>>> print(open('start.pdb').read())   # PDB, C-alpha atoms
ATOM      1  CA  MET T   1      11.647   6.694 -12.869
ATOM      2  CA  ARG T   2      11.729   9.312 -10.149
ATOM      3  CA  PHE T   3      11.716   8.037  -6.554
ATOM      4  CA  ILE T   4      10.216  10.512  -4.068
ATOM      5  CA  GLU T   5      10.481   9.371  -0.455
ATOM      6  CA  THR T   6       7.424  10.057   1.698
ATOM      7  CA  SER T   7       7.545  11.128   5.344
ATOM      8  CA  LEU T   8       7.602   7.390   6.203
ATOM      9  CA  ALA T   9      11.152   6.104   5.673
ATOM     10  CA  GLY T  10      11.376   3.545   2.885
ATOM     11  CA  ALA T  11       7.964   4.377   1.369
ATOM     12  CA  PHE T  12       8.262   6.040  -2.044
ATOM     13  CA  VAL T  13       6.009   7.684  -4.605
ATOM     14  CA  LEU T  14       7.209   6.553  -8.023
ATOM     15  CA  ASP T  15       6.756   9.060 -10.828
ATOM     16  CA  LEU T  16       7.361   8.081 -14.419
ATOM     17  CA  ASP T  17      10.110   9.600 -16.526
ATOM     18  CA  VAL T  18       7.960  10.053 -19.636
ATOM     19  CA  HIS T  19       9.328  10.056 -23.186
ATOM     20  CA  ALA T  20       6.552  11.585 -25.293
ATOM     21  CA  ASP T  21       6.015  12.177 -28.987
ATOM     22  CA  ALA T  22       3.090  12.436 -31.409
ATOM     23  CA  ARG T  23       2.089   8.813 -30.714
ATOM     24  CA  GLY T  24       1.795   9.277 -26.957
ATOM     25  CA  PHE T  25       4.487   8.290 -24.477
ATOM     26  CA  PHE T  26       6.654   5.488 -23.176
ATOM     27  CA  ALA T  27       7.927   5.165 -19.614
ATOM     28  CA  ARG T  28       9.600   2.431 -17.625
ATOM     29  CA  SER T  29       7.425   1.551 -14.623
ATOM     30  CA  PHE T  30       9.774  -0.957 -12.983
ATOM     31  CA  CYS T  31      13.515  -1.544 -12.962
ATOM     32  CA  GLN T  32      15.188  -3.995 -10.612
ATOM     33  CA  ARG T  33      18.461  -2.033 -10.623
ATOM     34  CA  GLU T  34      16.759   1.271  -9.793
ATOM     35  CA  PHE T  35      14.795  -0.333  -6.947
ATOM     36  CA  GLU T  36      17.987  -1.858  -5.518
ATOM     37  CA  ALA T  37      19.827   1.480  -5.836
ATOM     38  CA  HIS T  38      17.147   3.040  -3.587
ATOM     39  CA  GLY T  39      17.317   0.168  -1.067
ATOM     40  CA  LEU T  40      13.924  -1.230  -2.096
ATOM     41  CA  ASP T  41      12.975  -4.886  -2.441
ATOM     42  CA  PRO T  42      12.814  -5.570  -6.211
ATOM     43  CA  VAL T  43      11.370  -9.091  -5.902
ATOM     44  CA  VAL T  44       7.973  -9.659  -7.507
ATOM     45  CA  ALA T  45       6.469 -12.936  -6.271
ATOM     46  CA  GLN T  46       2.963 -12.260  -7.562
ATOM     47  CA  GLY T  47       0.720  -9.570  -9.001
ATOM     48  CA  GLY T  48      -2.932  -8.691  -8.716
ATOM     49  CA  ILE T  49      -5.697  -6.460 -10.035
ATOM     50  CA  ALA T  50      -8.548  -5.005  -7.972
ATOM     51  CA  PHE T  51     -11.556  -3.590  -9.801
ATOM     52  CA  ASN T  52     -14.018  -1.430  -7.848
ATOM     53  CA  HIS T  53     -17.492  -0.652  -9.164
ATOM     54  CA  HIS T  54     -18.334   2.333  -6.978
ATOM     55  CA  ARG T  55     -16.781   5.623  -5.920
ATOM     56  CA  GLY T  56     -16.216   5.618  -2.158
ATOM     57  CA  THR T  57     -15.247   1.943  -1.911
ATOM     58  CA  ILE T  58     -12.680   1.281   0.819
ATOM     59  CA  ARG T  59     -10.306  -1.685   0.767
ATOM     60  CA  GLY T  60      -7.979  -2.198   3.706
ATOM     61  CA  MET T  61      -6.080  -1.748   5.868
ATOM     62  CA  HIS T  62      -4.296  -5.019   4.936
ATOM     63  CA  PHE T  63      -0.897  -6.491   5.813
ATOM     64  CA  GLN T  64       0.900  -9.782   6.377
ATOM     65  CA  TYR T  65       2.975 -10.656   9.426
ATOM     66  CA  PRO T  66       6.590 -11.800   9.153
ATOM     67  CA  PRO T  67       8.008 -14.007   7.858
ATOM     68  CA  ALA T  68       5.628 -13.274   4.937
ATOM     69  CA  ALA T  69       5.515  -9.486   5.350
ATOM     70  CA  GLU T  70       5.265  -8.125   1.822
ATOM     71  CA  ALA T  71       6.421  -5.036   0.006
ATOM     72  CA  LYS T  72       4.006  -3.790  -2.674
ATOM     73  CA  VAL T  73       3.994  -1.495  -5.661
ATOM     74  CA  VAL T  74       0.469  -0.158  -6.198
ATOM     75  CA  ARG T  75      -0.703   1.718  -9.294
ATOM     76  CA  CYS T  76      -4.119   3.036 -10.339
ATOM     77  CA  THR T  77      -4.694   2.008 -13.961
ATOM     78  CA  ARG T  78      -8.267   3.275 -14.277
ATOM     79  CA  GLY T  79     -10.125   5.949 -12.316
ATOM     80  CA  ALA T  80      -8.687   7.469  -9.145
ATOM     81  CA  MET T  81      -8.025   6.507  -5.540
ATOM     82  CA  LEU T  82      -6.598   7.807  -2.296
ATOM     83  CA  ASP T  83      -3.959   5.276  -1.255
ATOM     84  CA  VAL T  84      -3.107   5.080   2.462
ATOM     85  CA  ILE T  85      -0.191   3.306   4.120
ATOM     86  CA  ILE T  86       0.561   2.896   7.831
ATOM     87  CA  ASP T  87       4.017   2.185   9.245
ATOM     88  CA  LEU T  88       3.782  -0.962  11.417
ATOM     89  CA  ARG T  89       7.530  -1.247  12.142
ATOM     90  CA  PRO T  90       7.800  -0.956  15.963
ATOM     91  CA  GLU T  91      11.435   0.215  15.741
ATOM     92  CA  SER T  92      10.511   3.051  13.362
ATOM     93  CA  ALA T  93      10.328   6.697  14.449
ATOM     94  CA  THR T  94       7.079   6.878  12.432
ATOM     95  CA  TYR T  95       5.429   3.778  13.965
ATOM     96  CA  LEU T  96       1.628   3.938  13.463
ATOM     97  CA  ARG T  97       1.815   7.107  11.367
ATOM     98  CA  HIS T  98       0.327   7.140   7.903
ATOM     99  CA  VAL T  99       0.551   8.945   4.599
ATOM    100  CA  SER T 100      -2.090   9.357   1.906
ATOM    101  CA  ILE T 101      -1.209   9.631  -1.780
ATOM    102  CA  GLU T 102      -3.629  10.225  -4.656
ATOM    103  CA  LEU T 103      -3.059   7.720  -7.442
ATOM    104  CA  THR T 104      -4.940   8.196 -10.706
ATOM    105  CA  ALA T 105      -4.934   6.756 -14.181
ATOM    106  CA  ASP T 106      -3.990  10.245 -15.390
ATOM    107  CA  ASN T 107      -1.048  10.946 -13.057
ATOM    108  CA  HIS T 108       0.488   7.482 -13.693
ATOM    109  CA  ARG T 109       1.986   7.461 -10.203
ATOM    110  CA  SER T 110       2.584   4.369  -8.166
ATOM    111  CA  LEU T 111       3.421   3.856  -4.525
ATOM    112  CA  TYR T 112       6.107   1.590  -3.109
ATOM    113  CA  VAL T 113       4.827   0.161   0.190
ATOM    114  CA  PRO T 114       7.571  -1.405   2.339
ATOM    115  CA  ALA T 115       7.147  -4.703   4.175
ATOM    116  CA  ARG T 116       5.518  -4.360   7.604
ATOM    117  CA  PHE T 117       3.191  -1.580   6.455
ATOM    118  CA  ALA T 118      -0.610  -1.716   6.327
ATOM    119  CA  HIS T 119      -2.139  -0.698   3.013
ATOM    120  CA  GLY T 120      -5.584   0.384   1.884
ATOM    121  CA  TYR T 121      -7.368   2.852  -0.344
ATOM    122  CA  GLN T 122     -10.634   4.592  -1.136
ATOM    123  CA  THR T 123     -11.835   4.964  -4.706
ATOM    124  CA  LEU T 124     -12.501   8.522  -5.867
ATOM    125  CA  ALA T 125     -14.297   7.519  -9.081
ATOM    126  CA  ASP T 126     -16.587   4.745 -10.273
ATOM    127  CA  ALA T 127     -14.914   1.866 -12.140
ATOM    128  CA  THR T 128     -11.523   2.311 -10.484
ATOM    129  CA  GLU T 129      -8.887  -0.353 -11.035
ATOM    130  CA  ALA T 130      -5.626  -0.893  -9.160
ATOM    131  CA  THR T 131      -2.707  -3.194  -9.932
ATOM    132  CA  TYR T 132      -0.347  -4.677  -7.365
ATOM    133  CA  GLN T 133       3.095  -6.243  -7.513
ATOM    134  CA  MET T 134       3.941  -8.038  -4.260
ATOM    135  CA  SER T 135       7.271  -9.333  -2.960
ATOM    136  CA  GLU T 136       5.778 -12.321  -1.126
ATOM    137  CA  PHE T 137       3.147 -14.916  -1.867
ATOM    138  CA  HIS T 138      -0.244 -14.554  -0.204
ATOM    139  CA  ALA T 139      -0.150 -16.300   3.182
ATOM    140  CA  PRO T 140      -3.722 -16.427   4.534
ATOM    141  CA  GLU T 141      -2.530 -17.668   7.922
ATOM    142  CA  LEU T 142      -0.376 -14.513   8.305
ATOM    143  CA  ALA T 143      -2.830 -12.022   6.760
ATOM    144  CA  ASP T 144      -4.472  -9.444   8.987
ATOM    145  CA  GLY T 145      -5.853  -5.921   8.911
ATOM    146  CA  LEU T 146      -6.646  -2.778  10.820
ATOM    147  CA  ALA T 147     -10.080  -1.172  10.954
ATOM    148  CA  CYS T 148     -10.149   1.574   8.330
ATOM    149  CA  ASP T 149     -12.380   3.711  10.551
ATOM    150  CA  ASP T 150     -10.369   3.267  13.769
ATOM    151  CA  ALA T 151     -10.177   6.729  15.361
ATOM    152  CA  ALA T 152      -6.713   5.892  16.739
ATOM    153  CA  LEU T 153      -5.349   5.746  13.170
ATOM    154  CA  GLU T 154      -6.686   9.238  12.312
ATOM    155  CA  ILE T 155      -7.236   8.452   8.621
ATOM    156  CA  ALA T 156      -9.270  11.188   6.923
ATOM    157  CA  TRP T 157     -11.105   9.400   4.122
ATOM    158  CA  PRO T 158     -12.373  12.028   1.651
ATOM    159  CA  LEU T 159     -15.758  10.386   0.974
ATOM    160  CA  ALA T 160     -18.416   8.525   2.897
ATOM    161  CA  ALA T 161     -17.738   4.808   2.489
ATOM    162  CA  SER T 162     -19.993   3.306  -0.197
ATOM    163  CA  GLU T 163     -18.647  -0.271   0.000
ATOM    164  CA  ILE T 164     -16.515  -2.122   2.554
ATOM    165  CA  SER T 165     -16.194  -5.906   2.563
ATOM    166  CA  ALA T 166     -17.502  -7.950   5.490
ATOM    167  CA  ARG T 167     -13.916  -9.066   6.154
ATOM    168  CA  ASP T 168     -12.660  -5.471   6.341
ATOM    169  CA  ARG T 169     -15.504  -4.540   8.714
ATOM    170  CA  MET T 170     -14.438  -7.232  11.202
ATOM    171  CA  TRP T 171     -10.933  -5.970  12.023
ATOM    172  CA  THR T 172     -10.647  -5.119  15.709
ATOM    173  CA  PRO T 173      -9.519  -1.673  16.875
ATOM    174  CA  LEU T 174      -5.809  -1.075  17.328
ATOM    175  CA  GLY T 175      -6.159  -0.427  21.064
ATOM    176  CA  ASP T 176      -7.434  -3.970  21.616
ATOM    177  CA  ARG T 177      -4.295  -5.542  20.177
ATOM    178  CA  ALA T 178      -1.522  -2.953  20.091
ATOM    179  CA  SER T 179       0.944  -5.055  22.117
ATOM    180  CA  THR T 180       0.338  -8.172  19.993
ATOM    181  CA  LEU T 181       0.801  -6.174  16.778
ATOM    182  CA  ARG T 182       4.037  -4.646  18.084
ATOM    183  CA  GLU T 183       5.382  -8.060  19.090
ATOM    184  CA  ARG T 184       4.463  -9.807  15.819
ATOM    185  CA  MET T 185       5.880  -6.996  13.662
ATOM    186  CA  ALA T 186       9.167  -6.684  15.541
ATOM    187  CA  ARG T 187      12.311  -6.812  13.415
ATOM    188  CA  THR T 188      13.651  -9.742  15.492
ATOM    189  CA  VAL T 189      11.044 -12.087  13.993
ATOM    190  CA  LEU T 190      12.096 -11.318  10.424
ATOM    191  CA  THR T 191      13.800 -14.015   8.413
ATOM    192  CA  GLY T 192      15.196 -13.959   4.882
ATOM    193  CA  ARG T 193      14.782 -10.564   3.169
TER     194      ARG T 193
END
>>> encode(input="start.pdb", output="structure tokens")
Amino acid sequence: MRFIETSLAGAFVLDLDVHADARGFFARSFCQREFEAHGLDPVVAQGGIAFNHHRGTIRGMHFQYPPAAEAKVVRCTRGAMLDVIIDLRPESATYLRHVSIELTADNHRSLYVPARFAHGYQTLADATEATYQMSEFHAPELADGLACDDAALEIAWPLAASEISARDRMWTPLGDRASTLRERMARTVLTGR
């Protein structure tokens, strides 16, 4: 695997090291030792699959507060999507900045999303599927989100939104809760990993 750090410290694009022949190819998509060597959390507590019927669907911007803040590895296994992550670490020089990475079934890329980041994506094709590996168990009482269309976040979605869940439409703007977010995401509240 090739680990390419994004402009947000600790967030990596993961490209496959492909071994191809007449049959096709083989590539390792996860290695605990390689993750540890790059300072990444290699724990996988649970996995998930999200299937999206329509191009333009937006999911996000989701995160969990400490002590259940989760790292994720996200891969597009069918179709294409623009994956967006936002740094929610108040001590970070890139606090509230985001990066966008195109993940497709054809480019076989994945994205490592550190704990205390918000994550979301927009599908670029019908019938897009994403897989997730998460370092923490889902904790509904600590789950939250940011409005994907919040002007303060400056996310440039490439398509008009075709589908957004009712839950994702209800997130309040960042300006209404910036101090609470900063306080709840502070490193001092972290326990364990």
>>> residues_around(input="start.pdb", residues="T:Asp41", least_positions_apart="6", cutoff="12 Å", atoms="only C-alpha atoms", output="PyMOL selection string")
chain T and resi 10-12+30-35+69-73+112-115+133-136+192-193
>>> closest_residue(input="start.pdb", among="T:Asp144, T:His108, T:Ala127, T:Glu163", to="T:Phe25", atoms="all atoms listed in the file")
T:His108
>>> closest_residue(input="start.pdb", among="T:Met81, T:Met185, T:Ala130, T:Ile86", to="T:Ala152", atoms="only C-alpha atoms")
T:Ile86
>>> closest_residue(input="start.pdb", among="T:Pro67, T:Gly48, T:Pro140, T:Gly60", to="T:Asp83", atoms="all atoms listed in the file")
T:Gly60
>>> resolve_selection(input="start.pdb", expression="the PyMOL selection byres ((chain T and resi 102) around 7)", output="ChimeraX atom specification")
/T:81-83,100-101,103-104
>>> residues_near_point(input="start.pdb", point="(1.2, 7.0, -10.6)", cutoff="7 Å", atoms="all atoms listed in the file", output="list in words")
Leu14, Asp15, Arg75, Cys76, Leu103, Thr104, Asn107, His108, Arg109 and Ser110 of chain T
>>> axis_aligned_box(input="start.pdb", around="stretch 99-117 of chain T", padding_each_side="5 Å", output="JSON")
{"center_x": 1.3, "center_y": 3.1, "center_z": -3.9, "size_x": 22.5, "size_y": 25.6, "size_z": 33.0}
>>> closest_residue(input="start.pdb", among="T:Tyr132, T:Phe51, T:Tyr65, T:Phe26", to="T:Arg182", atoms="only C-alpha atoms")
T:Tyr65
>>> closest_residue(input="start.pdb", among="T:Ile58, T:Ala50, T:Ala80, T:Ala68", to="T:Arg167", atoms="all atoms listed in the file")
T:Ile58
>>> closest_residue(input="start.pdb", among="T:Leu40, T:Met61, T:Leu88, T:Leu16", to="T:Ile164", atoms="only C-alpha atoms")
T:Met61
>>> atom_distance(input="start.pdb", atom1="atom CA of T:Met170", atom2="atom CA of T:Pro66")
21.6 Å
>>> residues_around(input="start.pdb", residues="T:Thr172", least_positions_apart="4", cutoff="9 Å", atoms="only C-alpha atoms", output="list in words")
Gly145, Leu146, Ala147, Asp150, Asp176 and Arg177 of chain T
>>> write_last_selection(input="start.pdb", atoms="C-alpha atoms", output="PDB file, in the frame of the given file")
ATOM      1  CA  GLY T 145      -5.853  -5.921   8.911  1.00  0.00           C
ATOM      2  CA  LEU T 146      -6.646  -2.778  10.820  1.00  0.00           C
ATOM      3  CA  ALA T 147     -10.080  -1.172  10.954  1.00  0.00           C
ATOM      4  CA  ASP T 150     -10.369   3.267  13.769  1.00  0.00           C
ATOM      5  CA  ASP T 176      -7.434  -3.970  21.616  1.00  0.00           C
ATOM      6  CA  ARG T 177      -4.295  -5.542  20.177  1.00  0.00           C
TER       7      ARG T 177
END
>>> atom_distance(input="start.pdb", atom1="atom CA of T:Val18", atom2="atom CA of T:Val74")
18.5 Å
>>> atom_distance(input="start.pdb", atom1="atom CA of T:Leu142", atom2="atom CA of T:Gln64")
5.3 Å
>>> resolve_selection(input="start.pdb", expression="the PyMOL selection byres ((chain T and resi 56) around 10)", output="PyMOL selection string")
chain T and resi 52-55+57-59+81-82+121-126+157-164
>>> residues_near_point(input="start.pdb", point="(-0.1, 6.2, 5.3)", cutoff="7 Å", atoms="only C-alpha atoms", output="VMD selection string")
chain T and resid 84 to 87 97 to 100
>>> write_last_selection(input="start.pdb", atoms="C-alpha atoms", output="mmCIF file, in the coordinates of the input")
data_model
loop_
_atom_site.group_PDB
_atom_site.id
_atom_site.type_symbol
_atom_site.label_atom_id
_atom_site.label_comp_id
_atom_site.auth_asym_id
_atom_site.auth_seq_id
_atom_site.Cartn_x
_atom_site.Cartn_y
_atom_site.Cartn_z
ATOM 1 C CA VAL T 84 -3.107 5.080 2.462
ATOM 2 C CA ILE T 85 -0.191 3.306 4.120
ATOM 3 C CA ILE T 86 0.561 2.896 7.831
ATOM 4 C CA ASP T 87 4.017 2.185 9.245
ATOM 5 C CA ARG T 97 1.815 7.107 11.367
ATOM 6 C CA HIS T 98 0.327 7.140 7.903
ATOM 7 C CA VAL T 99 0.551 8.945 4.599
ATOM 8 C CA SER T 100 -2.090 9.357 1.906
#
>>> residues_around(input="start.pdb", residues="T:Ala93", least_positions_apart="6", cutoff="12 Å", atoms="all atoms listed in the file", output="list in words")
Ser7, Leu8, Ala9 and Asp87 of chain T
>>> residues_around(input="start.pdb", residues="T:Asp17", least_positions_apart="6", cutoff="7 Å", atoms="all atoms listed in the file", output="list in words")
Met1, Arg2 and Ala27 of chain T
>>> write_last_selection(input="start.pdb", atoms="C-alpha atoms", output="mmCIF file, in the frame of the given file")
data_model
loop_
_atom_site.group_PDB
_atom_site.id
_atom_site.type_symbol
_atom_site.label_atom_id
_atom_site.label_comp_id
_atom_site.auth_asym_id
_atom_site.auth_seq_id
_atom_site.Cartn_x
_atom_site.Cartn_y
_atom_site.Cartn_z
ATOM 1 C CA MET T 1 11.647 6.694 -12.869
ATOM 2 C CA ARG T 2 11.729 9.312 -10.149
ATOM 3 C CA ALA T 27 7.927 5.165 -19.614
#
